[in-house]
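Heads up: the structure comes next, in structure tokens.
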Amino acid sequence: MSECYPQPLIMAKNIGLKYSSFGLFNRFYHHAIKDLSFEVYAGETFGIMGRNGCGKSSVLRLLAGIIKPTSGNVLMAQPLTSALLTLGLGFNPQLSGRNNAMLSCMLQGASKDYARSLLDDIKNFSELGAFFERPVKTYSAGMRSRLGFSTALTLKVDLLLIDETLSVGDASFNQKAEAALLDRVQGSQTVIFVSHNAAQVSRICSRAMWLEGGCLKESGDVSVVADAYKNFMARLNTVGPV
Ligand SMILES: Nc1ncnc2c1ncn2[C@@H]1O[C@H](COP(=O)(O)OP(=O)(O)OP(=O)(O)O)[C@@H](O)[C@H]1O
């Protein structure tokens, strides 16, 4: 008897990523992602966990289409609108929060009138108050993260790519943002959530993968992956680097 599996929304097949950068006399290469395959299903929250430098943000940038894999490919079942929420990306520092929010919405395909109609909700959710009218260059990292999160959440894109931004706001905003995200996750929102904090990934995600040195170490049910990652980290802290 054949079993029915849902069609994946996103399929990453054997992706590899090599960064190249120039020194004064040489060129450097860094193999950041190695032969990585994974799938994400419509409406799920998929977590990516792992230590600093393991390749989490690079995977998000690949999925957002900001960079291309040097090998393998990322297939989408249908064209998707997506928003990448990461610190310090995507805002014009000279423009106000209001104008940046308006631009972000329009860049995601919203009409000018629709974008304008969302601004009150974005302002209220962000709790930026009078700062919403001030240039983003005057914002702290936490305030920029509030603006990005509030804009993406209010606009309702197909795919939310969240890169650790929930950890920079103050505790009460983070709780509100996490609750709003969980609320959205109960519906049809597809979310990919990156964090080195296994407990936070476990609260928000249903499935996850753990990356180490650009390679897949474990993937599947979030509790299994989080336990494997936490055990690895505990071992590392007692016996030192492996
Ligand atoms: N533009 C770049 N040029 C060269 N190397 C890069 C570039 N961006 C990232 N890297 C390297 O690729 C590796 C993966 O980086 P990435 O930012 O994806 O890791 P991460 O898991 O998100 O790390 P963190 O948890 O610290 O944010 C790191 O070793 C990093 O130094």
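Naming scheme: A, B, ... for chains in displayed order of the structure tokens; residues 1 onward per chain; ligands 1 onward as shown.
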Checklist entry - Skipping near chain neighbours, those fewer than 3 positions away, what residues fall within 10 Å of stretch 71-75 of chain A using only C-alpha atoms, listed as a PyMOL selection string? => result chain A and resi 8-18+33-39+62-63+65+68+78-79
Selection from above, N, CA and C atoms, as a PDB file, in the first residue's frame, can you write it?
ATOM      1  N   PRO A   8       6.542  18.966  -0.558  1.00  0.00           N
ATOM      2  CA  PRO A   8       7.291  20.051   0.096  1.00  0.00           C
ATOM      3  C   PRO A   8       7.095  21.382  -0.630  1.00  0.00           C
ATOM      4  N   LEU A   9       7.112  22.479   0.146  1.00  0.00           N
ATOM      5  CA  LEU A   9       7.028  23.817  -0.451  1.00  0.00           C
ATOM      6  C   LEU A   9       8.413  24.236  -0.938  1.00  0.00           C
ATOM      7  N   ILE A  10       9.425  23.838  -0.153  1.00  0.00           N
ATOM      8  CA  ILE A  10      10.812  24.185  -0.487  1.00  0.00           C
ATOM      9  C   ILE A  10      11.644  22.904  -0.433  1.00  0.00           C
ATOM     10  N   MET A  11      12.443  22.699  -1.458  1.00  0.00           N
ATOM     11  CA  MET A  11      13.324  21.532  -1.477  1.00  0.00           C
ATOM     12  C   MET A  11      14.754  22.005  -1.765  1.00  0.00           C
ATOM     13  N   ALA A  12      15.628  21.833  -0.783  1.00  0.00           N
ATOM     14  CA  ALA A  12      17.045  22.159  -1.014  1.00  0.00           C
ATOM     15  C   ALA A  12      17.754  20.846  -1.299  1.00  0.00           C
ATOM     16  N   LYS A  13      18.416  20.773  -2.455  1.00  0.00           N
ATOM     17  CA  LYS A  13      19.028  19.504  -2.864  1.00  0.00           C
ATOM     18  C   LYS A  13      20.538  19.650  -2.999  1.00  0.00           C
ATOM     19  N   ASN A  14      21.251  18.982  -2.115  1.00  0.00           N
ATOM     20  CA  ASN A  14      22.728  18.912  -2.183  1.00  0.00           C
ATOM     21  C   ASN A  14      23.368  20.284  -2.360  1.00  0.00           C
ATOM     22  N   ILE A  15      22.890  21.266  -1.567  1.00  0.00           N
ATOM     23  CA  ILE A  15      23.452  22.601  -1.792  1.00  0.00           C
ATOM     24  C   ILE A  15      24.828  22.748  -1.136  1.00  0.00           C
ATOM     25  N   GLY A  16      25.672  23.453  -1.850  1.00  0.00           N
ATOM     26  CA  GLY A  16      26.991  23.813  -1.349  1.00  0.00           C
ATOM     27  C   GLY A  16      27.165  25.314  -1.554  1.00  0.00           C
ATOM     28  N   LEU A  17      27.925  25.922  -0.660  1.00  0.00           N
ATOM     29  CA  LEU A  17      28.174  27.366  -0.787  1.00  0.00           C
ATOM     30  C   LEU A  17      29.617  27.657  -0.422  1.00  0.00           C
ATOM     31  N   LYS A  18      30.329  28.263  -1.386  1.00  0.00           N
ATOM     32  CA  LYS A  18      31.714  28.699  -1.100  1.00  0.00           C
ATOM     33  C   LYS A  18      31.748  30.212  -1.197  1.00  0.00           C
ATOM     34  N   ILE A  33      28.722  25.935   3.339  1.00  0.00           N
ATOM     35  CA  ILE A  33      27.654  24.920   3.341  1.00  0.00           C
ATOM     36  C   ILE A  33      28.122  23.742   2.477  1.00  0.00           C
ATOM     37  N   LYS A  34      27.952  22.530   3.026  1.00  0.00           N
ATOM     38  CA  LYS A  34      28.461  21.340   2.309  1.00  0.00           C
ATOM     39  C   LYS A  34      27.358  20.319   2.103  1.00  0.00           C
ATOM     40  N   ASP A  35      27.012  20.106   0.851  1.00  0.00           N
ATOM     41  CA  ASP A  35      26.109  19.012   0.447  1.00  0.00           C
ATOM     42  C   ASP A  35      24.877  18.900   1.354  1.00  0.00           C
ATOM     43  N   LEU A  36      24.158  19.994   1.480  1.00  0.00           N
ATOM     44  CA  LEU A  36      23.027  20.053   2.416  1.00  0.00           C
ATOM     45  C   LEU A  36      21.702  19.856   1.674  1.00  0.00           C
ATOM     46  N   SER A  37      20.910  18.901   2.143  1.00  0.00           N
ATOM     47  CA  SER A  37      19.573  18.682   1.583  1.00  0.00           C
ATOM     48  C   SER A  37      18.553  18.728   2.710  1.00  0.00           C
ATOM     49  N   PHE A  38      17.450  19.421   2.453  1.00  0.00           N
ATOM     50  CA  PHE A  38      16.348  19.444   3.433  1.00  0.00           C
ATOM     51  C   PHE A  38      15.073  19.890   2.733  1.00  0.00           C
ATOM     52  N   GLU A  39      13.942  19.676   3.403  1.00  0.00           N
ATOM     53  CA  GLU A  39      12.651  20.061   2.834  1.00  0.00           C
ATOM     54  C   GLU A  39      11.862  20.842   3.865  1.00  0.00           C
ATOM     55  N   LEU A  62      20.352  32.076   1.223  1.00  0.00           N
ATOM     56  CA  LEU A  62      20.127  31.268   0.013  1.00  0.00           C
ATOM     57  C   LEU A  62      18.624  31.154  -0.269  1.00  0.00           C
ATOM     58  N   LEU A  63      17.841  30.900   0.785  1.00  0.00           N
ATOM     59  CA  LEU A  63      16.399  30.725   0.599  1.00  0.00           C
ATOM     60  C   LEU A  63      15.727  32.036   0.187  1.00  0.00           C
ATOM     61  N   GLY A  65      17.082  34.135  -1.705  1.00  0.00           N
ATOM     62  CA  GLY A  65      17.530  34.463  -3.069  1.00  0.00           C
ATOM     63  C   GLY A  65      18.569  35.581  -3.108  1.00  0.00           C
ATOM     64  N   LYS A  68      23.372  32.841  -4.323  1.00  0.00           N
ATOM     65  CA  LYS A  68      23.067  31.589  -5.048  1.00  0.00           C
ATOM     66  C   LYS A  68      24.009  30.498  -4.558  1.00  0.00           C
ATOM     67  N   GLN A  78       6.125  26.738  -5.721  1.00  0.00           N
ATOM     68  CA  GLN A  78       5.390  27.833  -6.361  1.00  0.00           C
ATOM     69  C   GLN A  78       6.133  29.136  -6.055  1.00  0.00           C
ATOM     70  N   PRO A  79       5.888  30.212  -6.818  1.00  0.00           N
ATOM     71  CA  PRO A  79       6.543  31.481  -6.487  1.00  0.00           C
ATOM     72  C   PRO A  79       6.070  31.960  -5.111  1.00  0.00           C
TER      73      PRO A  79
END
Item to check | Surrounding residues as a ChimeraX atom specification, ligand 1, max 12 Å, only C-alpha atoms and all ligand atoms | outcome: /A:16-23,27-34,48-62,66-67,86-87,162-165,193-197,210-215
Counting only C-alpha atoms, which residues of stretch 108-131 of chain A fall within 8 Å of stretch 96-103 of chain A, and what is the closest atom pair for each with its distance in Å at one decimal, ordered by chain and rising number, as JSON lines?
{"residue": "A:Lys112", "atom": "CA", "partner": "A:Met102", "partner_atom": "CA", "distance": 7.8}
{"residue": "A:Ala115", "atom": "CA", "partner": "A:Met102", "partner_atom": "CA", "distance": 5.7}
{"residue": "A:Arg116", "atom": "CA", "partner": "A:Met102", "partner_atom": "CA", "distance": 6.5}
{"residue": "A:Leu119", "atom": "CA", "partner": "A:Arg98", "partner_atom": "CA", "distance": 6.9}
{"residue": "A:Ile122", "atom": "CA", "partner": "A:Ala101", "partner_atom": "CA", "distance": 7.7}
{"residue": "A:Lys123", "atom": "CA", "partner": "A:Arg98", "partner_atom": "CA", "distance": 7.7}
{"residue": "A:Phe131", "atom": "CA", "partner": "A:Gly97", "partner_atom": "CA", "distance": 7.3}
